[in-house]
file my_file.txt (compact mmCIF, C-alpha atoms)
# COMPACT_ATOMS: atom_id res chain seq x y z
CA MET A 1 23.67 65.20 -11.44
CA TYR A 2 24.95 68.57 -12.35
CA LEU A 3 22.98 71.20 -14.09
CA PHE A 4 24.90 73.93 -15.73
CA VAL A 5 22.89 76.95 -16.62
CA HIS A 6 24.51 79.53 -18.75
CA ALA A 7 22.36 82.56 -18.54
CA ASP A 8 22.96 86.11 -17.77
CA PHE A 9 20.77 87.09 -14.85
CA SER A 10 22.73 90.26 -14.06
CA ASP A 11 20.14 92.45 -15.76
CA CYS A 12 17.38 90.98 -13.72
CA PRO A 13 17.32 92.44 -10.22
CA LYS A 14 15.03 89.77 -8.88
CA PHE A 15 17.47 86.98 -9.40
CA SER A 16 20.89 86.80 -8.05
CA ILE A 17 23.34 84.03 -8.88
CA PHE A 18 22.90 82.71 -5.40
CA SER A 19 19.12 82.50 -5.70
CA VAL A 20 19.48 80.65 -9.03
CA TYR A 21 21.95 78.28 -7.42
CA VAL A 22 19.62 77.71 -4.51
CA TYR A 23 16.76 77.15 -6.92
CA ILE A 24 18.80 74.63 -8.94
CA CYS A 25 19.98 72.87 -5.79
CA HIS A 26 16.45 72.81 -4.45
CA HIS A 27 15.12 71.54 -7.76
CA ARG A 28 17.86 68.90 -7.83
CA ASP A 29 17.12 67.88 -4.22
CA THR A 30 13.39 67.77 -4.93
CA LYS A 31 14.04 65.56 -7.93
CA LYS A 32 16.33 63.33 -5.83
CA GLU A 33 13.68 63.15 -3.13
CA SER A 34 11.07 62.34 -5.75
CA ASN A 35 13.29 59.62 -7.20
CA LEU A 36 14.07 58.40 -3.69
CA ALA A 37 10.35 58.32 -2.86
CA LYS A 38 9.68 56.38 -6.06
CA ALA A 39 12.50 53.95 -5.21
CA ARG A 40 11.14 53.51 -1.66
CA ALA A 41 7.65 52.90 -3.04
CA ALA A 42 9.08 50.34 -5.46
CA LEU A 43 11.00 48.68 -2.62
CA ASP A 44 7.88 48.66 -0.45
CA SER A 45 5.93 47.13 -3.32
CA GLU A 46 8.65 44.53 -3.86
CA ALA A 47 8.78 43.78 -0.12
CA THR A 48 5.00 43.36 -0.04
CA GLU A 49 5.13 41.06 -3.07
CA ARG A 50 8.00 39.11 -1.55
CA GLU A 51 6.07 38.70 1.71
CA ARG A 52 3.00 37.53 -0.24
CA LEU A 53 5.14 35.02 -2.13
CA GLN A 54 6.75 33.83 1.12
CA VAL A 55 3.30 33.19 2.61
CA LYS A 56 2.24 31.36 -0.55
CA LEU A 57 5.47 29.31 -0.47
CA SER A 58 4.86 28.40 3.17
CA LYS A 59 1.33 27.23 2.31
CA LEU A 60 2.67 25.22 -0.62
CA LYS A 61 5.28 23.58 1.63
CA ILE A 62 2.55 22.64 4.12
CA ASP A 63 0.41 21.24 1.30
CA PHE A 64 3.40 19.32 -0.05
CA ASP A 65 4.19 17.84 3.38
CA GLU A 66 0.54 16.80 3.77
CA LEU A 67 0.57 15.18 0.34
CA GLU A 68 3.80 13.37 1.16
CA ALA A 69 2.30 12.09 4.42
CA ARG A 70 -0.87 10.94 2.65
CA LYS A 71 1.19 9.34 -0.12
CA SER A 72 3.32 7.50 2.41
CA HIS A 73 0.19 6.34 4.32
CA HIS A 74 -1.43 5.30 1.04
CA ILE A 75 1.66 3.32 0.04
CA GLN A 76 1.54 1.48 3.38
CA ILE A 77 -2.14 0.67 2.82
CA LEU A 78 -1.40 -0.61 -0.69
CA LYS A 79 1.49 -2.72 0.59
CA GLY A 80 -0.82 -4.24 3.21
CA GLU A 81 -3.49 -4.94 0.61
CA LEU A 82 -0.89 -6.49 -1.69
CA GLU A 83 0.41 -8.71 1.10
CA PHE A 84 -3.16 -9.79 1.92
CA GLU A 85 -3.83 -10.58 -1.76
CA LYS A 86 -0.59 -12.58 -1.97
CA LYS A 87 -1.57 -14.63 1.08
CA LEU A 88 -5.08 -15.13 -0.27
CA HIS A 89 -3.81 -16.25 -3.66
CA SER A 90 -1.20 -18.43 -2.03
CA ALA A 91 -3.92 -20.15 0.03
CA ASP A 92 -6.06 -20.52 -3.11
CA LEU A 93 -3.10 -22.00 -4.97
CA ARG A 94 -2.42 -24.49 -2.16
CA MET A 95 -6.10 -25.49 -2.18
CA VAL A 96 -6.13 -25.96 -5.97
CA GLN A 97 -2.89 -27.95 -5.81
CA SER A 98 -4.34 -30.13 -3.05
CA GLN A 99 -7.53 -30.70 -5.07
CA HIS A 100 -5.43 -31.54 -8.11
CA GLU A 101 -3.31 -33.99 -6.14
CA SER A 102 -6.47 -35.59 -4.67
CA ARG A 103 -7.97 -35.89 -8.13
CA MET A 104 -4.77 -37.43 -9.43
CA VAL A 105 -4.80 -39.93 -6.55
CA GLU A 106 -8.46 -40.67 -7.30
CA LEU A 107 -7.67 -41.17 -10.97
CA GLU A 108 -4.71 -43.39 -10.16
CA ALA A 109 -6.78 -45.33 -7.61
CA GLY A 110 -9.61 -45.59 -10.14
CA GLN A 111 -7.20 -46.92 -12.72
CA LYS A 112 -5.80 -49.39 -10.20
CA VAL A 113 -9.31 -50.49 -9.25
CA LYS A 114 -10.13 -50.86 -12.94
CA ASP A 115 -6.94 -52.84 -13.49
CA LEU A 116 -7.69 -55.01 -10.43
CA GLU A 117 -11.28 -55.53 -11.58
CA GLU A 118 -10.03 -56.59 -15.02
CA ALA A 119 -7.47 -58.92 -13.44
CA LEU A 120 -10.15 -60.33 -11.13
CA SER A 121 -12.53 -60.78 -14.04
CA THR A 122 -9.82 -62.52 -16.06
CA GLU A 123 -8.97 -64.74 -13.11
CA ARG A 124 -12.66 -65.56 -12.56
CA GLU A 125 -13.01 -66.49 -16.21
CA ARG A 126 -9.88 -68.65 -16.03
CA THR A 127 -11.03 -70.28 -12.80
CA GLN A 128 -14.51 -70.83 -14.21
CA ASN A 129 -13.07 -72.29 -17.39
CA LYS A 130 -10.80 -74.53 -15.34
CA GLU A 131 -13.71 -75.65 -13.15
CA GLU A 132 -15.84 -76.30 -16.20
CA ARG A 133 -13.05 -78.36 -17.79
CA SER A 134 -12.58 -80.23 -14.55
CA PHE A 135 -16.31 -80.81 -14.28
CA TYR A 136 -16.54 -82.07 -17.86
CA SER A 137 -13.45 -84.19 -17.35
CA PHE A 138 -14.94 -85.65 -14.19
CA ARG A 139 -18.25 -86.21 -15.84
CA THR A 140 -16.67 -87.78 -18.86
CA TYR A 141 -14.53 -90.00 -16.65
CA HIS A 142 -17.48 -90.86 -14.49
CA ASN A 143 -19.62 -91.62 -17.58
CA VAL A 144 -16.89 -93.80 -19.02
CA CYS A 145 -16.47 -95.60 -15.74
CA SER A 146 -20.17 -96.17 -15.31
CA HIS A 147 -20.63 -97.48 -18.81
CA SER A 148 -17.77 -99.84 -18.38
CA ASN A 149 -19.25 -101.46 -15.35
call {"tool": "encode", "arguments": {"input": "my_file.txt", "output": "structure tokens"}}
result
Amino acid sequence: MYLFVHADFSDCPKFSIFSVYVYICHHRDTKKESNLAKARAALDSEATERERLQVKLSKLKIDFDELEARKSHHIQILKGELEFEKKLHSADLRMVQSQHESRMVELEAGQKVKDLEEALSTERERTQNKEERSFYSFRTYHNVCSHSN
């Protein structure tokens, strides 16, 4: 930054051109130092903020890793519970299927018993009818034979 001053200080004995130059240079240096101090303060502030953010980021990474570990552990637990439920339901299904098959066998056996009982009843009736016919035939024959004698 250059500062050009156009003034006539020759009348003024207190000021020489050199002293004005020194004053301007000093003023310029003071302003540079002030700007430099402001820039350093801004950099320090930025560095402090950056450090704070780095610490916060580190904490967030730790929290994230912990959450990931818990999530992974929780997933394993859920997989185990799911596997247990599958086995439990599979066993229940096998039991229900077995009961169903037993009931079907019982029903089929019941139907067969019913069919056999009906067949037996029919056969009894037929045999009884046959015996009754034989008995009446015998009796009739015997009555005829006894009346003829």
call {"tool": "atom_distance", "arguments": {"input": "my_file.txt", "atom1": "atom CA of A:Lys86", "atom2": "atom CA of A:Ser98"}}
result
18.0 Å
call {"tool": "atom_distance", "arguments": {"input": "my_file.txt", "atom1": "atom CA of A:Ser34", "atom2": "atom CA of A:Glu51"}}
result
25.3 Å
call {"tool": "atom_distance", "arguments": {"input": "my_file.txt", "atom1": "atom CA of A:Leu93", "atom2": "atom CA of A:Ile75"}}
result
26.2 Å
call {"tool": "decode", "arguments": {"input": "my_file.txt", "residues": "stretch 32-79 of chain A", "atoms": "N, CA and C atoms", "output": "mmCIF file, in the first residue's frame"}}
result
data_model
loop_
_atom_site.group_PDB
_atom_site.id
_atom_site.type_symbol
_atom_site.label_atom_id
_atom_site.label_comp_id
_atom_site.auth_asym_id
_atom_site.auth_seq_id
_atom_site.Cartn_x
_atom_site.Cartn_y
_atom_site.Cartn_z
ATOM 1 N N LYS A 32 -0.274 -2.374 9.065
ATOM 2 C CA LYS A 32 0.029 -3.747 8.654
ATOM 3 C C LYS A 32 0.060 -4.661 9.871
ATOM 4 N N GLU A 33 0.711 -4.176 10.933
ATOM 5 C CA GLU A 33 0.781 -4.977 12.151
ATOM 6 C C GLU A 33 -0.614 -5.203 12.734
ATOM 7 N N SER A 34 -1.437 -4.156 12.674
ATOM 8 C CA SER A 34 -2.803 -4.283 13.168
ATOM 9 C C SER A 34 -3.576 -5.300 12.325
ATOM 10 N N ASN A 35 -3.430 -5.191 11.014
ATOM 11 C CA ASN A 35 -4.087 -6.159 10.123
ATOM 12 C C ASN A 35 -3.544 -7.565 10.349
ATOM 13 N N LEU A 36 -2.213 -7.644 10.525
ATOM 14 C CA LEU A 36 -1.585 -8.929 10.787
ATOM 15 C C LEU A 36 -2.085 -9.510 12.116
ATOM 16 N N ALA A 37 -2.208 -8.679 13.121
ATOM 17 C CA ALA A 37 -2.717 -9.126 14.423
ATOM 18 C C ALA A 37 -4.161 -9.607 14.280
ATOM 19 N N LYS A 38 -4.955 -8.870 13.510
ATOM 20 C CA LYS A 38 -6.336 -9.283 13.277
ATOM 21 C C LYS A 38 -6.377 -10.627 12.541
ATOM 22 N N ALA A 39 -5.500 -10.772 11.539
ATOM 23 C CA ALA A 39 -5.454 -12.024 10.773
ATOM 24 C C ALA A 39 -5.026 -13.180 11.673
ATOM 25 N N ARG A 40 -4.021 -12.923 12.535
ATOM 26 C CA ARG A 40 -3.574 -13.972 13.472
ATOM 27 C C ARG A 40 -4.702 -14.340 14.444
ATOM 28 N N ALA A 41 -5.406 -13.356 14.926
ATOM 29 C CA ALA A 41 -6.526 -13.615 15.834
ATOM 30 C C ALA A 41 -7.600 -14.438 15.121
ATOM 31 N N ALA A 42 -7.872 -14.081 13.864
ATOM 32 C CA ALA A 42 -8.856 -14.838 13.088
ATOM 33 C C ALA A 42 -8.384 -16.268 12.871
ATOM 34 N N LEU A 43 -7.078 -16.424 12.550
ATOM 35 C CA LEU A 43 -6.517 -17.770 12.377
ATOM 36 C C LEU A 43 -6.578 -18.564 13.676
ATOM 37 N N ASP A 44 -6.248 -17.906 14.789
ATOM 38 C CA ASP A 44 -6.330 -18.580 16.088
ATOM 39 C C ASP A 44 -7.767 -19.011 16.377
ATOM 40 N N SER A 45 -8.695 -18.123 16.081
ATOM 41 C CA SER A 45 -10.107 -18.438 16.289
ATOM 42 C C SER A 45 -10.528 -19.618 15.409
ATOM 43 N N GLU A 46 -10.103 -19.580 14.142
ATOM 44 C CA GLU A 46 -10.412 -20.675 13.223
ATOM 45 C C GLU A 46 -9.766 -21.980 13.685
ATOM 46 N N ALA A 47 -8.519 -21.891 14.154
ATOM 47 C CA ALA A 47 -7.829 -23.089 14.646
ATOM 48 C C ALA A 47 -8.548 -23.661 15.865
ATOM 49 N N THR A 48 -8.978 -22.780 16.758
ATOM 50 C CA THR A 48 -9.716 -23.224 17.942
ATOM 51 C C THR A 48 -11.032 -23.888 17.532
ATOM 52 N N GLU A 49 -11.737 -23.276 16.600
ATOM 53 C CA GLU A 49 -13.000 -23.842 16.111
ATOM 54 C C GLU A 49 -12.770 -25.176 15.422
ATOM 55 N N ARG A 50 -11.716 -25.234 14.636
ATOM 56 C CA ARG A 50 -11.369 -26.479 13.937
ATOM 57 C C ARG A 50 -11.053 -27.577 14.941
ATOM 58 N N GLU A 51 -10.295 -27.240 15.971
ATOM 59 C CA GLU A 51 -9.956 -28.225 17.010
ATOM 60 C C GLU A 51 -11.223 -28.698 17.720
ATOM 61 N N ARG A 52 -12.128 -27.763 18.027
ATOM 62 C CA ARG A 52 -13.397 -28.127 18.671
ATOM 63 C C ARG A 52 -14.201 -29.073 17.777
ATOM 64 N N LEU A 53 -14.233 -28.755 16.474
ATOM 65 C CA LEU A 53 -14.960 -29.604 15.537
ATOM 66 C C LEU A 53 -14.307 -30.979 15.388
ATOM 67 N N GLN A 54 -12.972 -31.016 15.426
ATOM 68 C CA GLN A 54 -12.259 -32.290 15.358
ATOM 69 C C GLN A 54 -12.601 -33.171 16.556
ATOM 70 N N VAL A 55 -12.654 -32.560 17.744
ATOM 71 C CA VAL A 55 -13.010 -33.299 18.956
ATOM 72 C C VAL A 55 -14.436 -33.823 18.833
ATOM 73 N N LYS A 56 -15.334 -32.956 18.356
ATOM 74 C CA LYS A 56 -16.733 -33.357 18.189
ATOM 75 C C LYS A 56 -16.847 -34.487 17.164
ATOM 76 N N LEU A 57 -16.081 -34.387 16.068
ATOM 77 C CA LEU A 57 -16.080 -35.426 15.046
ATOM 78 C C LEU A 57 -15.576 -36.746 15.617
ATOM 79 N N SER A 58 -14.517 -36.679 16.423
ATOM 80 C CA SER A 58 -13.988 -37.891 17.046
ATOM 81 C C SER A 58 -15.036 -38.549 17.938
ATOM 82 N N LYS A 59 -15.745 -37.728 18.721
ATOM 83 C CA LYS A 59 -16.805 -38.265 19.588
ATOM 84 C C LYS A 59 -17.918 -38.885 18.747
ATOM 85 N N LEU A 60 -18.277 -38.223 17.650
ATOM 86 C CA LEU A 60 -19.317 -38.761 16.781
ATOM 87 C C LEU A 60 -18.888 -40.086 16.147
ATOM 88 N N LYS A 61 -17.609 -40.185 15.768
ATOM 89 C CA LYS A 61 -17.109 -41.442 15.203
ATOM 90 C C LYS A 61 -17.178 -42.556 16.237
ATOM 91 N N ILE A 62 -16.821 -42.244 17.480
ATOM 92 C CA ILE A 62 -16.896 -43.243 18.558
ATOM 93 C C ILE A 62 -18.346 -43.667 18.767
ATOM 94 N N ASP A 63 -19.255 -42.688 18.815
ATOM 95 C CA ASP A 63 -20.682 -43.002 18.970
ATOM 96 C C ASP A 63 -21.182 -43.863 17.815
ATOM 97 N N PHE A 64 -20.762 -43.515 16.601
ATOM 98 C CA PHE A 64 -21.169 -44.275 15.428
ATOM 99 C C PHE A 64 -20.676 -45.712 15.506
ATOM 100 N N ASP A 65 -19.399 -45.888 15.877
ATOM 101 C CA ASP A 65 -18.841 -47.236 16.006
ATOM 102 C C ASP A 65 -19.592 -48.040 17.066
ATOM 103 N N GLU A 66 -19.942 -47.392 18.175
ATOM 104 C CA GLU A 66 -20.702 -48.077 19.222
ATOM 105 C C GLU A 66 -22.080 -48.481 18.710
ATOM 106 N N LEU A 67 -22.721 -47.576 17.979
ATOM 107 C CA LEU A 67 -24.036 -47.900 17.413
ATOM 108 C C LEU A 67 -23.942 -49.042 16.412
ATOM 109 N N GLU A 68 -22.909 -49.025 15.591
ATOM 110 C CA GLU A 68 -22.706 -50.113 14.631
ATOM 111 C C GLU A 68 -22.516 -51.441 15.355
ATOM 112 N N ALA A 69 -21.721 -51.425 16.422
ATOM 113 C CA ALA A 69 -21.484 -52.656 17.191
ATOM 114 C C ALA A 69 -22.783 -53.145 17.821
ATOM 115 N N ARG A 70 -23.552 -52.214 18.408
ATOM 116 C CA ARG A 70 -24.829 -52.607 19.013
ATOM 117 C C ARG A 70 -25.797 -53.118 17.952
ATOM 118 N N LYS A 71 -25.810 -52.450 16.796
ATOM 119 C CA LYS A 71 -26.698 -52.873 15.716
ATOM 120 C C LYS A 71 -26.330 -54.280 15.262
ATOM 121 N N SER A 72 -25.053 -54.511 15.083
ATOM 122 C CA SER A 72 -24.589 -55.830 14.652
ATOM 123 C C SER A 72 -24.971 -56.882 15.685
ATOM 124 N N HIS A 73 -24.732 -56.568 16.980
ATOM 125 C CA HIS A 73 -25.105 -57.515 18.064
ATOM 126 C C HIS A 73 -26.609 -57.757 18.073
ATOM 127 N N HIS A 74 -27.380 -56.670 17.864
ATOM 128 C CA HIS A 74 -28.834 -56.781 17.877
ATOM 129 C C HIS A 74 -29.316 -57.635 16.703
ATOM 130 N N ILE A 75 -28.679 -57.473 15.552
ATOM 131 C CA ILE A 75 -29.029 -58.275 14.385
ATOM 132 C C ILE A 75 -28.779 -59.750 14.675
ATOM 133 N N GLN A 76 -27.650 -60.060 15.322
ATOM 134 C CA GLN A 76 -27.352 -61.452 15.669
ATOM 135 C C GLN A 76 -28.415 -62.010 16.611
ATOM 136 N N ILE A 77 -28.825 -61.202 17.586
ATOM 137 C CA ILE A 77 -29.861 -61.642 18.528
ATOM 138 C C ILE A 77 -31.161 -61.916 17.774
ATOM 139 N N LEU A 78 -31.539 -60.997 16.882
ATOM 140 C CA LEU A 78 -32.773 -61.171 16.118
ATOM 141 C C LEU A 78 -32.704 -62.404 15.212
ATOM 142 N N LYS A 79 -31.540 -62.644 14.624
ATOM 143 C CA LYS A 79 -31.382 -63.845 13.794
ATOM 144 C C LYS A 79 -31.563 -65.102 14.641
#
